[in-house]
Each structure stands twice: as C-alpha cells, then as structure tokens.
Amino acid sequence: MDHRGVAGVPLCAFILLIVMYVVIAQNILANPKYARGLWFAETARMIFWALVMVDLGYYVYWKKRYLAPAAIAAAASKTKMLRALDTYQGLHEKEAALVVSTFITRKIVLYAIIEALAVYGLVLAIVGRYFADQYALSALSLVLLALEFPTARGLDALVRTVE
C-alpha cells in the first residue's frame, strides 16, 4: 500500500478547507453587510497572533517529539492498525505496517496543528475583517502542509530504522 495515498487524502482535505476559508472571506466577508469590524477586533487580533506563535511552537515540539523515528518505532506496537494497511503478510510486514500506521496517524495530527493557523486567519477575517492576516496565515498553512507531505524516502528510512 502506498503510504502517501493514505496520508494524502487527509492532506488534500485540509488544503481544500484552506481554499474554502479564502473563498468565504473573498465572497462573503468582503461584503460589509455580512462582516463588520467588531468592537473587540483589535484585542482578538493580538490574542490570535499570540495563538499563532503558540501553535507554531507546538508544531515544532510535536514534530521533534512525536515524528522522530525513535518515537514512532517505540509507539508502533501500541498503535491501532489503519485498515488500509492491514493486508500485511508475515511478522516483518506487520511491524512495518504498524510503523506506517503510527507515522500516518501522527502526520494527521500535525496537519491539524497546521490547519489551526488557517482557522485563526478565518476568525480574524470574520471578527475584524483582517483579510491580509487571513491570507498570510492561509499561505503559511499551505506552505507547511506542502513541506509535511510524506515522501517515500522519509518513510523508507523510518522502516529501515525499525528493522
């Protein structure tokens, strides 16, 4: 089973959501009738940018702590097998499938952490019509998601580490 296909579906869903956020901002929130700057918009803006910094820190922490090959190998035996990977044959393939399941599950969590940045941007566009902030956060999310796309080389190295 191609692991990129298994991890690619949620990645595409997250990317489509970001595109939807931008479309919503351009087509609905740009109309003054629907989106007016709320009285607490500037305070909310500061809070959300602080959350962006926290989220970026958590992204780095999650990646180093939970996506390191040693961490994935250590947790592989405790992970529930993804259905797309349960057609293994033999002990070595089962171990590899558990490693891939752990890797993909943790990648999806990482995608959600990245997606939160785009959600913060959408909220900023809703609350205070901060469209530039929304576009910047959406672009940052898209770049990080593109960087996090799983490669065959990375997973092969991970499976070799376990073997």
# chains A, B, ... in the order shown; residues from 1 in each chain; ligands from 1
$ residues_around --residues "Ile126 (chain A)" --least-positions-apart "2" --cutoff "8 Å" --atoms "only C-alpha atoms" --output "JSON list (two decimals) with N, CA, C and O atoms, in the first residue's frame"
[["chain", "number", "residue", "atom", "x", "y", "z"],
["A", 25, "ALA", "N", -13.93, 34.23, 2.72],
["A", 25, "ALA", "CA", -13.50, 35.60, 3.03],
["A", 25, "ALA", "C", -13.71, 36.52, 1.84],
["A", 25, "ALA", "O", -14.17, 37.65, 1.98],
["A", 29, "LEU", "N", -17.34, 37.56, 3.40],
["A", 29, "LEU", "CA", -16.89, 38.51, 4.42],
["A", 29, "LEU", "C", -16.43, 39.84, 3.85],
["A", 29, "LEU", "O", -16.37, 40.83, 4.57],
["A", 35, "ALA", "N", -19.95, 41.27, 7.24],
["A", 35, "ALA", "CA", -18.82, 41.30, 8.17],
["A", 35, "ALA", "C", -18.51, 42.74, 8.53],
["A", 35, "ALA", "O", -18.08, 43.53, 7.71],
["A", 36, "ARG", "N", -18.74, 43.04, 9.74],
["A", 36, "ARG", "CA", -18.41, 44.36, 10.25],
["A", 36, "ARG", "C", -17.34, 44.19, 11.30],
["A", 36, "ARG", "O", -17.31, 43.18, 12.00],
["A", 122, "LEU", "N", -9.18, 32.76, 9.38],
["A", 122, "LEU", "CA", -10.59, 32.92, 9.06],
["A", 122, "LEU", "C", -11.32, 33.66, 10.18],
["A", 122, "LEU", "O", -12.13, 34.55, 9.91],
["A", 123, "VAL", "N", -11.02, 33.33, 11.41],
["A", 123, "VAL", "CA", -11.66, 34.02, 12.53],
["A", 123, "VAL", "C", -11.28, 35.50, 12.53],
["A", 123, "VAL", "O", -12.12, 36.36, 12.78],
["A", 124, "LEU", "N", -10.03, 35.80, 12.22],
["A", 124, "LEU", "CA", -9.62, 37.21, 12.14],
["A", 124, "LEU", "C", -10.37, 37.94, 11.03],
["A", 124, "LEU", "O", -10.74, 39.11, 11.18],
["A", 128, "GLY", "N", -12.70, 40.92, 12.52],
["A", 128, "GLY", "CA", -12.25, 42.29, 12.29],
["A", 128, "GLY", "C", -11.94, 42.64, 10.86],
["A", 128, "GLY", "O", -11.34, 43.68, 10.59],
["A", 129, "ARG", "N", -12.34, 41.76, 9.95],
["A", 129, "ARG", "CA", -12.06, 41.99, 8.54],
["A", 129, "ARG", "C", -10.57, 42.16, 8.26],
["A", 129, "ARG", "O", -10.16, 42.97, 7.43],
["A", 130, "TYR", "N", -9.77, 41.38, 8.95],
["A", 130, "TYR", "CA", -8.32, 41.39, 8.74],
["A", 130, "TYR", "C", -7.98, 40.38, 7.65],
["A", 130, "TYR", "O", -7.48, 39.30, 7.90]]
$ residues_around --residues "Ala116 (chain A)" --least-positions-apart "5" --cutoff "12 Å" --atoms "only C-alpha atoms" --output "PyMOL selection string"
chain A and resi 14-15+17-18+21+48-49+51-56+58-59+109-111+121-123+134+137-138+140-142+144-145
$ atom_distance --atom1 "CA of Phe131 (chain A)" --atom2 "CA of Val9 (chain A)"
28.1 Å
$ closest_residue --among "A:Phe103, A:Gln26, A:Ala157, A:Ser77" --to "Lys63 (chain A)" --atoms "only C-alpha atoms"
A:Phe103
$ closest_residue --among "A:Arg45, A:Lys94, A:Arg106, A:Lys78" --to "Lys64 (chain A)" --atoms "only C-alpha atoms"
A:Arg106
$ closest_residue --among "A:Ile114, A:Leu158, A:Ala125, A:Ala30" --to "Val143 (chain A)" --atoms "only C-alpha atoms"
A:Ile114
$ atom_distance --atom1 "CA of Ala118 (chain A)" --atom2 "CA of Val22 (chain A)"
9.1 Å
$ closest_residue --among "A:Arg160, A:Tyr61, A:Tyr135, A:Leu67" --to "Glu95 (chain A)" --atoms "only C-alpha atoms"
A:Arg160
$ closest_residue --among "A:Ala70, A:Glu115, A:Arg153, A:Leu147" --to "Pro10 (chain A)" --atoms "only C-alpha atoms"
A:Glu115
$ decode --residues "region 11-36 of chain A" --atoms "N, CA and C atoms" --output "compact mmCIF listing (two decimals), in the first residue's frame"
# COMPACT_ATOMS: atom_id res chain seq x y z
N LEU A 11 -4.49 15.16 3.84
CA LEU A 11 -3.75 16.36 3.45
C LEU A 11 -4.55 17.16 2.42
N CYS A 12 -5.10 16.47 1.43
CA CYS A 12 -5.92 17.16 0.42
C CYS A 12 -7.16 17.78 1.05
N ALA A 13 -7.75 17.09 2.01
CA ALA A 13 -8.93 17.64 2.69
C ALA A 13 -8.57 18.93 3.43
N PHE A 14 -7.44 18.93 4.12
CA PHE A 14 -7.01 20.14 4.83
C PHE A 14 -6.72 21.28 3.85
N ILE A 15 -6.12 20.97 2.73
CA ILE A 15 -5.83 22.00 1.73
C ILE A 15 -7.13 22.56 1.16
N LEU A 16 -8.10 21.70 0.87
CA LEU A 16 -9.39 22.17 0.37
C LEU A 16 -10.10 23.06 1.39
N LEU A 17 -9.97 22.73 2.66
CA LEU A 17 -10.57 23.58 3.69
C LEU A 17 -9.95 24.98 3.69
N ILE A 18 -8.65 25.04 3.53
CA ILE A 18 -7.99 26.36 3.49
C ILE A 18 -8.49 27.16 2.29
N VAL A 19 -8.62 26.51 1.16
CA VAL A 19 -9.15 27.19 -0.03
C VAL A 19 -10.57 27.69 0.25
N MET A 20 -11.37 26.86 0.92
CA MET A 20 -12.73 27.29 1.27
C MET A 20 -12.72 28.51 2.19
N TYR A 21 -11.78 28.56 3.13
CA TYR A 21 -11.69 29.72 4.02
C TYR A 21 -11.44 30.99 3.23
N VAL A 22 -10.54 30.91 2.26
CA VAL A 22 -10.22 32.08 1.44
C VAL A 22 -11.43 32.48 0.59
N VAL A 23 -12.11 31.51 0.01
CA VAL A 23 -13.30 31.79 -0.80
C VAL A 23 -14.38 32.44 0.06
N ILE A 24 -14.58 31.92 1.26
CA ILE A 24 -15.57 32.52 2.17
C ILE A 24 -15.20 33.98 2.45
N ALA A 25 -13.93 34.23 2.72
CA ALA A 25 -13.50 35.60 3.03
C ALA A 25 -13.71 36.52 1.84
N GLN A 26 -13.37 36.05 0.65
CA GLN A 26 -13.48 36.90 -0.53
C GLN A 26 -14.93 37.14 -0.96
N ASN A 27 -15.76 36.13 -0.84
CA ASN A 27 -17.11 36.25 -1.38
C ASN A 27 -18.17 36.65 -0.36
N ILE A 28 -17.98 36.34 0.88
CA ILE A 28 -18.99 36.67 1.88
C ILE A 28 -18.52 37.76 2.82
N LEU A 29 -17.34 37.56 3.40
CA LEU A 29 -16.89 38.51 4.42
C LEU A 29 -16.43 39.84 3.85
N ALA A 30 -16.10 39.88 2.58
CA ALA A 30 -15.71 41.15 1.97
C ALA A 30 -16.91 42.09 1.82
N ASN A 31 -18.11 41.55 1.89
CA ASN A 31 -19.32 42.35 1.82
C ASN A 31 -19.57 43.00 3.19
N PRO A 32 -19.58 44.32 3.27
CA PRO A 32 -19.76 44.99 4.56
C PRO A 32 -21.08 44.63 5.25
N LYS A 33 -22.03 44.18 4.48
CA LYS A 33 -23.32 43.80 5.05
C LYS A 33 -23.18 42.59 6.00
N TYR A 34 -22.25 41.69 5.68
CA TYR A 34 -22.09 40.46 6.46
C TYR A 34 -20.98 40.53 7.50
N ALA A 35 -19.95 41.27 7.24
CA ALA A 35 -18.82 41.30 8.17
C ALA A 35 -18.51 42.74 8.53
N ARG A 36 -18.74 43.04 9.74
CA ARG A 36 -18.41 44.36 10.25
C ARG A 36 -17.34 44.19 11.30
